[in-house]
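Coordinates as given in target.csv (CSV, C-alpha atoms):
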```csv
chain,number,residue,atom,x,y,z
A,1,MET,CA,-8.3,-15.0,-24.6
A,2,ASN,CA,-7.1,-14.9,-21.1
A,3,THR,CA,-6.4,-11.2,-21.1
A,4,PRO,CA,-8.7,-9.2,-18.8
A,5,ALA,CA,-10.8,-6.4,-20.3
A,6,ILE,CA,-9.2,-3.0,-20.2
A,7,SER,CA,-12.1,-1.7,-18.0
A,8,GLU,CA,-11.2,-4.2,-15.3
A,9,LEU,CA,-7.8,-2.6,-14.9
A,10,PHE,CA,-9.3,0.8,-13.9
A,11,SER,CA,-12.7,0.4,-12.3
A,12,LEU,CA,-14.2,-1.9,-9.8
A,13,PRO,CA,-17.6,-3.6,-10.1
A,14,PRO,CA,-20.2,-1.9,-7.8
A,15,ASP,CA,-20.3,-4.8,-5.4
A,16,VAL,CA,-16.5,-5.0,-4.8
A,17,LYS,CA,-14.7,-2.9,-2.1
A,18,LYS,CA,-11.3,-1.3,-2.9
A,19,ILE,CA,-9.8,-2.8,0.3
A,20,GLU,CA,-11.0,-5.8,2.2
A,21,HIS,CA,-9.8,-6.6,5.7
A,22,VAL,CA,-9.6,-10.3,6.8
A,23,ASP,CA,-8.4,-11.3,10.3
A,24,ASP,CA,-5.9,-14.1,10.3
A,25,THR,CA,-7.3,-17.2,12.1
A,26,LYS,CA,-3.9,-18.8,12.6
A,27,ALA,CA,-2.0,-16.0,14.3
A,28,LYS,CA,-2.9,-13.5,16.9
A,29,HIS,CA,-2.6,-9.8,16.0
A,30,ALA,CA,-2.4,-10.6,12.3
A,31,ALA,CA,-4.5,-9.6,9.3
A,32,LYS,CA,-4.6,-9.7,5.5
A,33,PHE,CA,-5.7,-6.7,3.4
A,34,VAL,CA,-6.8,-7.5,-0.1
A,35,MET,CA,-6.4,-4.4,-2.3
A,36,HIS,CA,-8.1,-4.4,-5.7
A,37,LEU,CA,-6.6,-2.5,-8.7
A,38,GLU,CA,-3.2,-2.3,-7.1
A,39,ASP,CA,0.2,-3.8,-8.1
A,40,HIS,CA,3.7,-4.2,-6.9
A,41,THR,CA,4.2,-0.5,-6.6
A,42,ALA,CA,1.7,0.0,-3.8
A,43,GLY,CA,2.5,-3.4,-2.2
A,44,ASN,CA,6.2,-2.7,-1.9
A,45,LEU,CA,5.7,0.8,-0.6
A,46,LEU,CA,3.2,-0.3,2.1
A,47,ARG,CA,5.4,-3.3,3.1
A,48,TYR,CA,8.4,-1.1,3.5
A,49,SER,CA,6.5,1.6,5.5
A,50,LEU,CA,5.0,-1.1,7.7
A,51,LEU,CA,8.4,-2.6,8.5
A,52,ARG,CA,9.7,0.7,9.8
A,53,ASN,CA,7.1,0.6,12.5
A,54,GLU,CA,8.6,-1.0,15.7
A,55,ASN,CA,5.2,-2.6,16.5
A,56,VAL,CA,5.1,-4.6,13.3
A,57,LYS,CA,6.7,-8.1,13.5
A,58,PHE,CA,6.1,-9.1,9.9
A,59,SER,CA,4.8,-7.5,6.7
A,60,GLY,CA,4.7,-8.9,3.2
A,61,TYR,CA,2.6,-8.8,0.1
A,62,ARG,CA,1.9,-11.0,-2.9
A,63,ARG,CA,0.1,-10.8,-6.1
A,64,PRO,CA,-2.0,-14.0,-6.2
A,65,HIS,CA,-2.2,-14.3,-10.0
A,66,PRO,CA,-0.8,-12.3,-12.9
A,67,LEU,CA,-4.2,-11.9,-14.5
A,68,GLU,CA,-5.9,-10.7,-11.2
A,69,ASN,CA,-5.4,-7.0,-10.7
A,70,LYS,CA,-5.0,-7.2,-6.9
A,71,ILE,CA,-2.5,-7.7,-4.1
A,72,GLU,CA,-2.7,-9.3,-0.7
A,73,LEU,CA,-0.9,-7.5,2.1
A,74,LYS,CA,-0.2,-9.4,5.3
A,75,VAL,CA,0.5,-7.6,8.6
A,76,HIS,CA,1.5,-9.1,11.9
A,77,THR,CA,1.9,-6.9,15.0
A,78,ASN,CA,3.2,-7.4,18.5
A,79,GLY,CA,-0.2,-6.7,20.0
A,80,LYS,CA,0.4,-3.1,21.1
A,81,ILE,CA,-1.5,-1.9,18.1
A,82,SER,CA,-3.8,-3.7,15.7
A,83,PRO,CA,-2.8,-4.6,12.1
A,84,LYS,CA,-5.5,-2.2,10.9
A,85,GLU,CA,-4.0,0.7,12.9
A,86,ALA,CA,-0.5,-0.2,11.7
A,87,ALA,CA,-1.7,-0.1,8.1
A,88,LYS,CA,-3.3,3.2,8.7
A,89,GLN,CA,-0.1,4.7,10.2
A,90,ALA,CA,1.9,3.3,7.2
A,91,CYS,CA,-0.5,5.1,4.8
A,92,ASP,CA,-0.3,8.3,6.8
A,93,ASN,CA,3.5,8.2,6.8
A,94,LEU,CA,3.6,7.6,3.1
A,95,CYS,CA,1.3,10.6,2.5
A,96,THR,CA,3.6,12.8,4.6
A,97,GLU,CA,6.7,11.6,2.7
A,98,PHE,CA,5.0,12.2,-0.7
A,99,ILE,CA,4.0,15.7,0.3
A,100,LYS,CA,7.6,16.5,1.4
A,101,MET,CA,9.0,14.9,-1.8
A,102,LYS,CA,6.6,17.0,-3.9
A,103,GLU,CA,7.6,20.2,-2.1
A,104,ALA,CA,11.3,19.5,-2.5
A,105,PHE,CA,10.8,18.7,-6.2
A,106,LEU,CA,8.9,22.0,-6.8
A,107,MET,CA,11.6,23.9,-5.0
A,108,GLN,CA,14.3,22.4,-7.2
A,109,VAL,CA,12.2,23.2,-10.3
A,110,LYS,CA,12.0,26.8,-9.2
A,111,GLU,CA,15.7,26.9,-8.5
A,112,PHE,CA,16.4,25.4,-11.9
A,113,LYS,CA,14.3,28.0,-13.7
A,114,GLY,CA,15.9,30.8,-11.7
A,115,GLU,CA,12.8,31.8,-9.8
A,116,GLY,CA,14.1,30.8,-6.4
A,117,LYS,CA,16.7,33.6,-6.2
```

Let me see the file written as structure tokens.
Amino acid sequence: MNTPAISELFSLPPDVKKIEHVDDTKAKHAAKFVMHLEDHTAGNLLRYSLLRNENVKFSGYRRPHPLENKIELKVHTNGKISPKEAAKQACDNLCTEFIKMKEAFLMQVKEFKGEGK
């Protein structure tokens, strides 16, 4: 069958990196990041976070094949920062937002239970 083994969905072989960085040979200040064991959730979040950066000209992702558990994220900047730095900033921004979201959620749970009064 064409279906990948369940273990392939959760663990990487020892010789494969989680994230691979490939410079774009056709455009200046552009790169592709191949992220293994990721799907549309991570791709769309990163794309959106990258596009909020004023130094990012283009960001998009694709899933090369439905049976391959990876995404390819493309980043093109204006040259003031590198694509790698833009991706790092996007990840840092998402982490900050997730922390704020968790704190707000926990406060609402406390309020709902009557512990916040």

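Among A:Ala87, A:Asn69, A:Thr41, A:Ala31, the residue with the shortest atom-to-atom distance to Ile6 in chain A, counting only C-alpha atoms, is A:Asn69.
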
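Relative to CA of Asp23 in chain A, CA of Gly60 in chain A is found at 15.1 Å.
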
Between A:Lys113, A:Ala27, A:Leu12, A:Phe33, which one has atoms that come closest to Thr77 in chain A, using only C-alpha atoms?
A:Ala27

I'd like the contact shell of His76 in chain A - 10 Å cut-off, all atoms listed in the file, skipping same-chain residues fewer than 6 positions apart - returned as an MDAnalysis selection string.
chainID A and resid 24 27:32 50 55:60 82:84 86

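The gap separating CA of Val16 in chain A from CA of Glu85 in chain A is 22.4 Å, in Å to one decimal.
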
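Pairwise distance (CA of Lys17 in chain A, CA of Glu97 in chain A) equals 26.3 Å.
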
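Distance annotation: of A:Arg52, A:Lys102, A:Lys88, A:Arg47, the residue with the minimal separation from Lys74 in chain A is A:Arg47; atom set is only C-alpha atoms.
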
Nearest residue to Ala5 in chain A out of A:Ile99, A:Leu67, A:Val34, A:Leu73, using all atoms listed in the file?
A:Leu67

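Among the candidates A:Ile71, A:Glu54, A:Ser11, A:Lys26, the residue lying nearest to His40 in chain A is A:Ile71 (atoms considered: all atoms listed in the file).
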
Could I get range 63-74 of chain A rebuilt with all heavy atoms, written as a PDB file, in the frame of the given file?
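What follows is the written file rebuild11.pdb:
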```pdb
ATOM      1  N   ARG A  63       1.092 -10.989  -5.082  1.00  0.00           N
ATOM      2  CA  ARG A  63       0.100 -10.800  -6.100  1.00  0.00           C
ATOM      3  C   ARG A  63      -0.353 -12.267  -6.469  1.00  0.00           C
ATOM      4  O   ARG A  63       0.416 -13.054  -7.029  1.00  0.00           O
ATOM      5  CB  ARG A  63       0.741 -10.176  -7.354  1.00  0.00           C
ATOM      6  CG  ARG A  63      -0.261  -9.804  -8.383  1.00  0.00           C
ATOM      7  CD  ARG A  63       0.135  -8.568  -9.121  1.00  0.00           C
ATOM      8  NE  ARG A  63      -0.926  -8.264 -10.072  1.00  0.00           N
ATOM      9  CZ  ARG A  63      -0.728  -7.764 -11.251  1.00  0.00           C
ATOM     10  NH1 ARG A  63       0.487  -7.471 -11.628  1.00  0.00           N
ATOM     11  NH2 ARG A  63      -1.730  -7.536 -12.040  1.00  0.00           N
ATOM     12  N   PRO A  64      -1.596 -12.640  -6.097  1.00  0.00           N
ATOM     13  CA  PRO A  64      -2.000 -14.000  -6.200  1.00  0.00           C
ATOM     14  C   PRO A  64      -1.931 -14.623  -7.603  1.00  0.00           C
ATOM     15  O   PRO A  64      -1.575 -15.785  -7.749  1.00  0.00           O
ATOM     16  CB  PRO A  64      -3.473 -14.012  -5.738  1.00  0.00           C
ATOM     17  CG  PRO A  64      -3.741 -12.674  -5.193  1.00  0.00           C
ATOM     18  CD  PRO A  64      -2.633 -11.780  -5.587  1.00  0.00           C
ATOM     19  N   HIS A  65      -2.234 -13.826  -8.603  1.00  0.00           N
ATOM     20  CA  HIS A  65      -2.200 -14.300 -10.000  1.00  0.00           C
ATOM     21  C   HIS A  65      -1.928 -13.164 -10.925  1.00  0.00           C
ATOM     22  O   HIS A  65      -2.463 -12.072 -10.724  1.00  0.00           O
ATOM     23  CB  HIS A  65      -3.540 -14.991 -10.325  1.00  0.00           C
ATOM     24  CG  HIS A  65      -3.495 -15.772 -11.590  1.00  0.00           C
ATOM     25  ND1 HIS A  65      -3.660 -15.176 -12.818  1.00  0.00           N
ATOM     26  CD2 HIS A  65      -3.295 -17.093 -11.819  1.00  0.00           C
ATOM     27  CE1 HIS A  65      -3.572 -16.101 -13.766  1.00  0.00           C
ATOM     28  NE2 HIS A  65      -3.338 -17.263 -13.182  1.00  0.00           N
ATOM     29  N   PRO A  66      -1.115 -13.359 -11.950  1.00  0.00           N
ATOM     30  CA  PRO A  66      -0.800 -12.300 -12.900  1.00  0.00           C
ATOM     31  C   PRO A  66      -1.987 -11.636 -13.569  1.00  0.00           C
ATOM     32  O   PRO A  66      -1.964 -10.464 -13.919  1.00  0.00           O
ATOM     33  CB  PRO A  66       0.157 -12.884 -13.893  1.00  0.00           C
ATOM     34  CG  PRO A  66       0.634 -14.143 -13.293  1.00  0.00           C
ATOM     35  CD  PRO A  66      -0.382 -14.578 -12.295  1.00  0.00           C
ATOM     36  N   LEU A  67      -3.043 -12.411 -13.758  1.00  0.00           N
ATOM     37  CA  LEU A  67      -4.200 -11.900 -14.500  1.00  0.00           C
ATOM     38  C   LEU A  67      -5.227 -11.246 -13.499  1.00  0.00           C
ATOM     39  O   LEU A  67      -6.204 -10.657 -13.950  1.00  0.00           O
ATOM     40  CB  LEU A  67      -4.891 -12.984 -15.266  1.00  0.00           C
ATOM     41  CG  LEU A  67      -4.049 -13.543 -16.417  1.00  0.00           C
ATOM     42  CD1 LEU A  67      -4.789 -14.659 -17.129  1.00  0.00           C
ATOM     43  CD2 LEU A  67      -3.660 -12.447 -17.398  1.00  0.00           C
ATOM     44  N   GLU A  68      -4.995 -11.359 -12.192  1.00  0.00           N
ATOM     45  CA  GLU A  68      -5.900 -10.700 -11.200  1.00  0.00           C
ATOM     46  C   GLU A  68      -5.204  -9.410 -10.789  1.00  0.00           C
ATOM     47  O   GLU A  68      -4.074  -9.404 -10.317  1.00  0.00           O
ATOM     48  CB  GLU A  68      -6.073 -11.603  -9.995  1.00  0.00           C
ATOM     49  CG  GLU A  68      -6.889 -12.831 -10.262  1.00  0.00           C
ATOM     50  CD  GLU A  68      -7.072 -13.659  -8.997  1.00  0.00           C
ATOM     51  OE1 GLU A  68      -7.267 -13.070  -7.911  1.00  0.00           O
ATOM     52  OE2 GLU A  68      -7.014 -14.883  -9.109  1.00  0.00           O
ATOM     53  N   ASN A  69      -5.912  -8.322 -10.953  1.00  0.00           N
ATOM     54  CA  ASN A  69      -5.400  -7.000 -10.700  1.00  0.00           C
ATOM     55  C   ASN A  69      -5.583  -6.666  -9.173  1.00  0.00           C
ATOM     56  O   ASN A  69      -6.357  -5.786  -8.836  1.00  0.00           O
ATOM     57  CB  ASN A  69      -5.994  -5.968 -11.567  1.00  0.00           C
ATOM     58  CG  ASN A  69      -5.169  -4.718 -11.667  1.00  0.00           C
ATOM     59  OD1 ASN A  69      -4.014  -4.703 -11.293  1.00  0.00           O
ATOM     60  ND2 ASN A  69      -5.762  -3.665 -12.168  1.00  0.00           N
ATOM     61  N   LYS A  70      -4.885  -7.412  -8.296  1.00  0.00           N
ATOM     62  CA  LYS A  70      -5.000  -7.200  -6.900  1.00  0.00           C
ATOM     63  C   LYS A  70      -3.749  -7.686  -6.166  1.00  0.00           C
ATOM     64  O   LYS A  70      -2.981  -8.464  -6.725  1.00  0.00           O
ATOM     65  CB  LYS A  70      -6.230  -7.845  -6.278  1.00  0.00           C
ATOM     66  CG  LYS A  70      -6.158  -9.365  -6.256  1.00  0.00           C
ATOM     67  CD  LYS A  70      -7.420  -9.949  -5.619  1.00  0.00           C
ATOM     68  CE  LYS A  70      -7.332 -11.461  -5.566  1.00  0.00           C
ATOM     69  NZ  LYS A  70      -8.529 -12.048  -4.966  1.00  0.00           N
ATOM     70  N   ILE A  71      -3.557  -7.186  -4.937  1.00  0.00           N
ATOM     71  CA  ILE A  71      -2.500  -7.700  -4.100  1.00  0.00           C
ATOM     72  C   ILE A  71      -3.061  -8.038  -2.732  1.00  0.00           C
ATOM     73  O   ILE A  71      -4.122  -7.554  -2.349  1.00  0.00           O
ATOM     74  CB  ILE A  71      -1.337  -6.643  -3.916  1.00  0.00           C
ATOM     75  CG1 ILE A  71      -1.852  -5.359  -3.270  1.00  0.00           C
ATOM     76  CG2 ILE A  71      -0.620  -6.374  -5.207  1.00  0.00           C
ATOM     77  CD1 ILE A  71      -0.766  -4.413  -2.831  1.00  0.00           C
ATOM     78  N   GLU A  72      -2.346  -8.896  -2.023  1.00  0.00           N
ATOM     79  CA  GLU A  72      -2.700  -9.300  -0.700  1.00  0.00           C
ATOM     80  C   GLU A  72      -1.563  -8.855   0.247  1.00  0.00           C
ATOM     81  O   GLU A  72      -0.443  -9.325   0.089  1.00  0.00           O
ATOM     82  CB  GLU A  72      -2.943 -10.775  -0.560  1.00  0.00           C
ATOM     83  CG  GLU A  72      -4.109 -11.257  -1.386  1.00  0.00           C
ATOM     84  CD  GLU A  72      -4.248 -12.773  -1.387  1.00  0.00           C
ATOM     85  OE1 GLU A  72      -3.356 -13.474  -0.852  1.00  0.00           O
ATOM     86  OE2 GLU A  72      -5.249 -13.256  -1.931  1.00  0.00           O
ATOM     87  N   LEU A  73      -1.859  -7.971   1.190  1.00  0.00           N
ATOM     88  CA  LEU A  73      -0.900  -7.500   2.100  1.00  0.00           C
ATOM     89  C   LEU A  73      -1.100  -8.109   3.475  1.00  0.00           C
ATOM     90  O   LEU A  73      -2.190  -8.026   4.030  1.00  0.00           O
ATOM     91  CB  LEU A  73      -0.992  -5.939   2.247  1.00  0.00           C
ATOM     92  CG  LEU A  73      -0.052  -5.231   3.196  1.00  0.00           C
ATOM     93  CD1 LEU A  73       1.364  -5.212   2.634  1.00  0.00           C
ATOM     94  CD2 LEU A  73      -0.534  -3.818   3.458  1.00  0.00           C
ATOM     95  N   LYS A  74      -0.075  -8.775   4.018  1.00  0.00           N
ATOM     96  CA  LYS A  74      -0.200  -9.400   5.300  1.00  0.00           C
ATOM     97  C   LYS A  74       0.550  -8.533   6.345  1.00  0.00           C
ATOM     98  O   LYS A  74       1.657  -8.047   6.078  1.00  0.00           O
ATOM     99  CB  LYS A  74       0.430 -10.796   5.331  1.00  0.00           C
ATOM    100  CG  LYS A  74      -0.396 -11.764   4.538  1.00  0.00           C
ATOM    101  CD  LYS A  74      -0.419 -13.078   5.218  1.00  0.00           C
ATOM    102  CE  LYS A  74      -1.332 -14.005   4.421  1.00  0.00           C
ATOM    103  NZ  LYS A  74      -1.749 -15.131   5.171  1.00  0.00           N
TER     104      LYS A  74
END
```
